[in-house]
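Following: one structure in structure tokens, then a few remarks.
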Amino acid sequence: MLNVALPKGRLADKVCRALTETGYNVAPVEKDDRRLVFTDGDNGIKYFLVKPSDVAVYVERGAADVGVAGKDILLEYEPDVYELLDLKIGKCRLAVAAKADFFDELDRPLVVATKFVNVTKDYYAKKNRPIEIVKLNGSIELAPLLGMSDVIVDIVETGTTLRENGMKVYEDIVPVSARLIANKSSYKFKKSAVDELVGRLRSGLGIQ
């Protein structure tokens with residue numbers, strides 16, 4: 001049995017569609033009946049539904065053999081896992097955004113609100129720009145509007161929320177998409193099952 005960690009939320013729908021298109025049965029997952037563990041006996045797979053930011057933890061610690069995690073999570077936490085495949089779904093970007101009238105005052109540290117602390121530190125270190133980080137977990141767009149920060153570093157998909165709040169993207173940091181990751185020991189001992197999953201996803205999704 002191959003244990004697969006799937007992210008809850010918006011990405012779950014896209015991942016389930018991808019698995020369905022490649023012949024896996026995820027119908028029980030899509031029923032949303034509050035269960036957290038589902039079994040696809042025909043394909044020898046057990047699915048777990050977990051918080052997106054926790055997928056890599058489950059995989060790294062071996063509770064799941066493989067999982068689907070956003071590239072943003074992998075960059076932020078740098079888990080000790082194998083990154084096997086870019087699924088080309090859940091595409092967005094990590095970006096710097098601010099109010100439309102933002103002006104960077106270079107004579108003082110830039111105040112940045114974000115939940116991506118490590119990515120932000122690395123990004124601005126490479127630019128040799130001193131910063132002060134305000135760690136937030138949600139509604140990050142509020143920080144510049146309330147004077148808590150100069151800019152934010154966050155996931156941007158369509159930019160609609162930013163525009164509706166008088167903000168815009170100033171710099172793109174890195175493109176983000178869903179990645180299939182594997183526990184290193186699992187990849188060694190369940191290699192054939194993992195490789196089959198990778199192959200079917202690659203073929204079904206038309207990934208070169």
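Identifiers for the structure tokens are assigned positionally: chains receive A, B, ... in sequence, residues are indexed from 1 per chain, and ligands are indexed from 1 in the order shown.
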
Neighbour list for Lys71 (chain A) as a PyMOL selection string, cut-off 12 Å, only C-alpha atoms, skip fewer than 4 positions in-chain | chain A and resi 52-53+55-56+75-79+83-94+116+119+155+174-181

Write the selection just made, keeping N, CA and C atoms, as a compact mmCIF listing (two decimals), in the first residue's frame?
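Generated output (again.txt):
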# COMPACT_ATOMS: atom_id res chain seq x y z
N PRO A 52 -2.11 21.93 3.73
CA PRO A 52 -1.08 22.04 2.69
C PRO A 52 0.34 22.23 3.22
N SER A 53 0.49 23.07 4.24
CA SER A 53 1.83 23.33 4.77
C SER A 53 2.39 22.15 5.54
N VAL A 55 2.00 18.82 4.45
CA VAL A 55 2.25 17.66 3.57
C VAL A 55 3.72 17.24 3.63
N ALA A 56 4.60 18.21 3.50
CA ALA A 56 6.04 17.89 3.48
C ALA A 56 6.50 17.28 4.80
N LEU A 75 10.29 25.55 -0.71
CA LEU A 75 11.32 26.59 -0.61
C LEU A 75 11.40 27.15 0.81
N GLU A 76 10.25 27.30 1.45
CA GLU A 76 10.23 27.90 2.78
C GLU A 76 10.81 26.97 3.84
N TYR A 77 10.46 25.69 3.80
CA TYR A 77 10.83 24.78 4.88
C TYR A 77 11.98 23.84 4.51
N GLU A 78 12.32 23.73 3.24
CA GLU A 78 13.42 22.89 2.76
C GLU A 78 13.41 21.50 3.41
N PRO A 79 12.31 20.76 3.27
CA PRO A 79 12.26 19.42 3.86
C PRO A 79 13.23 18.47 3.17
N GLU A 83 12.09 15.64 -4.62
CA GLU A 83 11.09 16.30 -5.45
C GLU A 83 11.08 15.58 -6.79
N LEU A 84 10.00 14.84 -7.06
CA LEU A 84 9.97 13.93 -8.19
C LEU A 84 9.40 14.54 -9.47
N LEU A 85 8.39 15.39 -9.33
CA LEU A 85 7.68 15.82 -10.53
C LEU A 85 6.96 17.14 -10.31
N ASP A 86 7.12 18.06 -11.27
CA ASP A 86 6.32 19.28 -11.30
C ASP A 86 5.01 18.93 -11.99
N LEU A 87 3.91 18.97 -11.25
CA LEU A 87 2.61 18.56 -11.79
C LEU A 87 1.98 19.62 -12.69
N LYS A 88 2.56 20.81 -12.74
CA LYS A 88 2.08 21.89 -13.62
C LYS A 88 0.66 22.32 -13.29
N ILE A 89 0.24 22.10 -12.04
CA ILE A 89 -1.08 22.55 -11.61
C ILE A 89 -0.93 23.45 -10.39
N GLY A 90 -2.00 24.18 -10.06
CA GLY A 90 -1.91 25.11 -8.94
C GLY A 90 -0.91 26.21 -9.18
N LYS A 91 -0.80 26.63 -10.44
CA LYS A 91 0.23 27.62 -10.78
C LYS A 91 -0.09 29.00 -10.21
N CYS A 92 0.91 29.62 -9.61
CA CYS A 92 0.82 30.97 -9.08
C CYS A 92 2.26 31.48 -8.96
N ARG A 93 2.49 32.47 -8.11
CA ARG A 93 3.85 32.98 -7.94
C ARG A 93 4.00 33.58 -6.56
N LEU A 94 5.21 33.55 -6.05
CA LEU A 94 5.55 34.28 -4.85
C LEU A 94 6.03 35.65 -5.31
N PHE A 116 6.15 33.73 4.68
CA PHE A 116 7.29 33.05 4.06
C PHE A 116 8.59 33.73 4.52
N VAL A 119 12.08 32.41 2.79
CA VAL A 119 12.16 32.84 1.39
C VAL A 119 12.43 34.34 1.32
N ILE A 155 1.76 34.69 -1.85
CA ILE A 155 1.33 34.00 -3.06
C ILE A 155 0.37 34.90 -3.83
N VAL A 174 9.45 34.00 -7.42
CA VAL A 174 9.62 32.68 -8.02
C VAL A 174 8.25 32.13 -8.43
N PRO A 175 8.18 31.43 -9.57
CA PRO A 175 6.92 30.77 -9.93
C PRO A 175 6.67 29.58 -9.02
N VAL A 176 5.41 29.29 -8.78
CA VAL A 176 5.02 28.22 -7.86
C VAL A 176 4.02 27.29 -8.55
N SER A 177 4.17 26.00 -8.30
CA SER A 177 3.21 25.01 -8.76
C SER A 177 3.27 23.81 -7.82
N ALA A 178 2.33 22.87 -7.99
CA ALA A 178 2.30 21.69 -7.13
C ALA A 178 3.37 20.70 -7.55
N ARG A 179 4.06 20.12 -6.58
CA ARG A 179 5.13 19.15 -6.84
C ARG A 179 4.81 17.83 -6.14
N LEU A 180 5.13 16.74 -6.81
CA LEU A 180 5.05 15.42 -6.18
C LEU A 180 6.37 15.16 -5.48
N ILE A 181 6.29 14.88 -4.18
CA ILE A 181 7.50 14.65 -3.39
C ILE A 181 7.45 13.26 -2.77

Please identify all polymer residues within 12 Å of Ile152 (chain A), counting only C-alpha atoms, omitting same-chain residues fewer than 6 positions from it, and present them as number ranges by chain.
-> A: 94-99, 102, 110-117, 120, 131-145, 162, 167-173

Store the residues picked out above in a file with C-alpha atoms, as a compact mmCIF listing (two decimals), in the first residue's frame.
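Once everything was written out, this is again_11.txt:
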# COMPACT_ATOMS: atom_id res chain seq x y z
CA LEU A 94 5.55 34.28 -4.85
CA ALA A 95 5.79 38.03 -5.22
CA VAL A 96 6.46 41.34 -3.51
CA ALA A 97 3.38 43.56 -3.43
CA ALA A 98 2.55 46.94 -1.94
CA LYS A 99 0.17 49.86 -2.17
CA PHE A 102 4.64 52.69 -2.56
CA LEU A 110 12.19 47.76 4.50
CA VAL A 111 9.35 46.39 6.63
CA VAL A 112 7.98 43.20 5.04
CA ALA A 113 4.87 41.32 6.17
CA THR A 114 4.83 37.64 5.22
CA LYS A 115 4.38 34.05 6.32
CA PHE A 116 7.29 33.05 4.06
CA VAL A 117 10.02 34.23 6.41
CA THR A 120 11.88 36.55 2.17
CA ILE A 131 14.63 44.33 6.10
CA GLU A 132 12.44 43.93 9.16
CA ILE A 133 9.97 41.06 8.99
CA VAL A 134 6.45 41.08 10.40
CA LYS A 135 5.36 37.42 10.61
CA LEU A 136 1.68 36.95 9.77
CA ASN A 137 -0.35 33.85 8.95
CA GLY A 138 -3.34 35.33 7.16
CA SER A 139 -4.88 38.48 5.64
CA ILE A 140 -1.37 39.63 4.84
CA GLU A 141 -2.67 42.32 2.46
CA LEU A 142 -3.94 44.22 5.50
CA ALA A 143 -0.46 45.00 6.78
CA PRO A 144 0.45 47.80 4.31
CA LEU A 145 -3.10 49.15 4.41
CA LEU A 162 -4.46 43.13 -4.50
CA MET A 167 -2.21 47.27 -4.25
CA LYS A 168 -0.08 45.78 -7.00
CA VAL A 169 2.83 43.42 -7.59
CA TYR A 170 6.22 45.14 -7.67
CA GLU A 171 8.54 42.15 -8.04
CA ASP A 172 8.13 38.46 -8.81
CA ILE A 173 10.27 36.18 -6.67

Using only C-alpha atoms, which residue out of A:Tyr124, A:Ser192, A:Arg108, A:Asp72 lies closest to Asp154 (chain A)?
->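 Nearest candidate to Asp154 (chain A) out of A:Tyr124, A:Ser192, A:Arg108, A:Asp72: A:Asp72.
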
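Using only C-alpha atoms, the nearest neighbour of Ala64 (chain A) within the list A:Lys190, A:Ala100, A:Asn165, A:Thr20 is A:Lys190.
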
Name the closest residue to Asn183 (chain A) among the candidates A:Asp65, A:Asp122, A:Asp40, A:Glu105; distances are taken between atoms, counting only C-alpha atoms.
->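 Smallest separation from Asn183 (chain A) among the options: A:Asp65.
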
Counting only C-alpha atoms, the residue of A:Met148, A:Val37, A:Leu11, A:Ala5 that sits nearest Ala63 (chain A) | A:Ala5
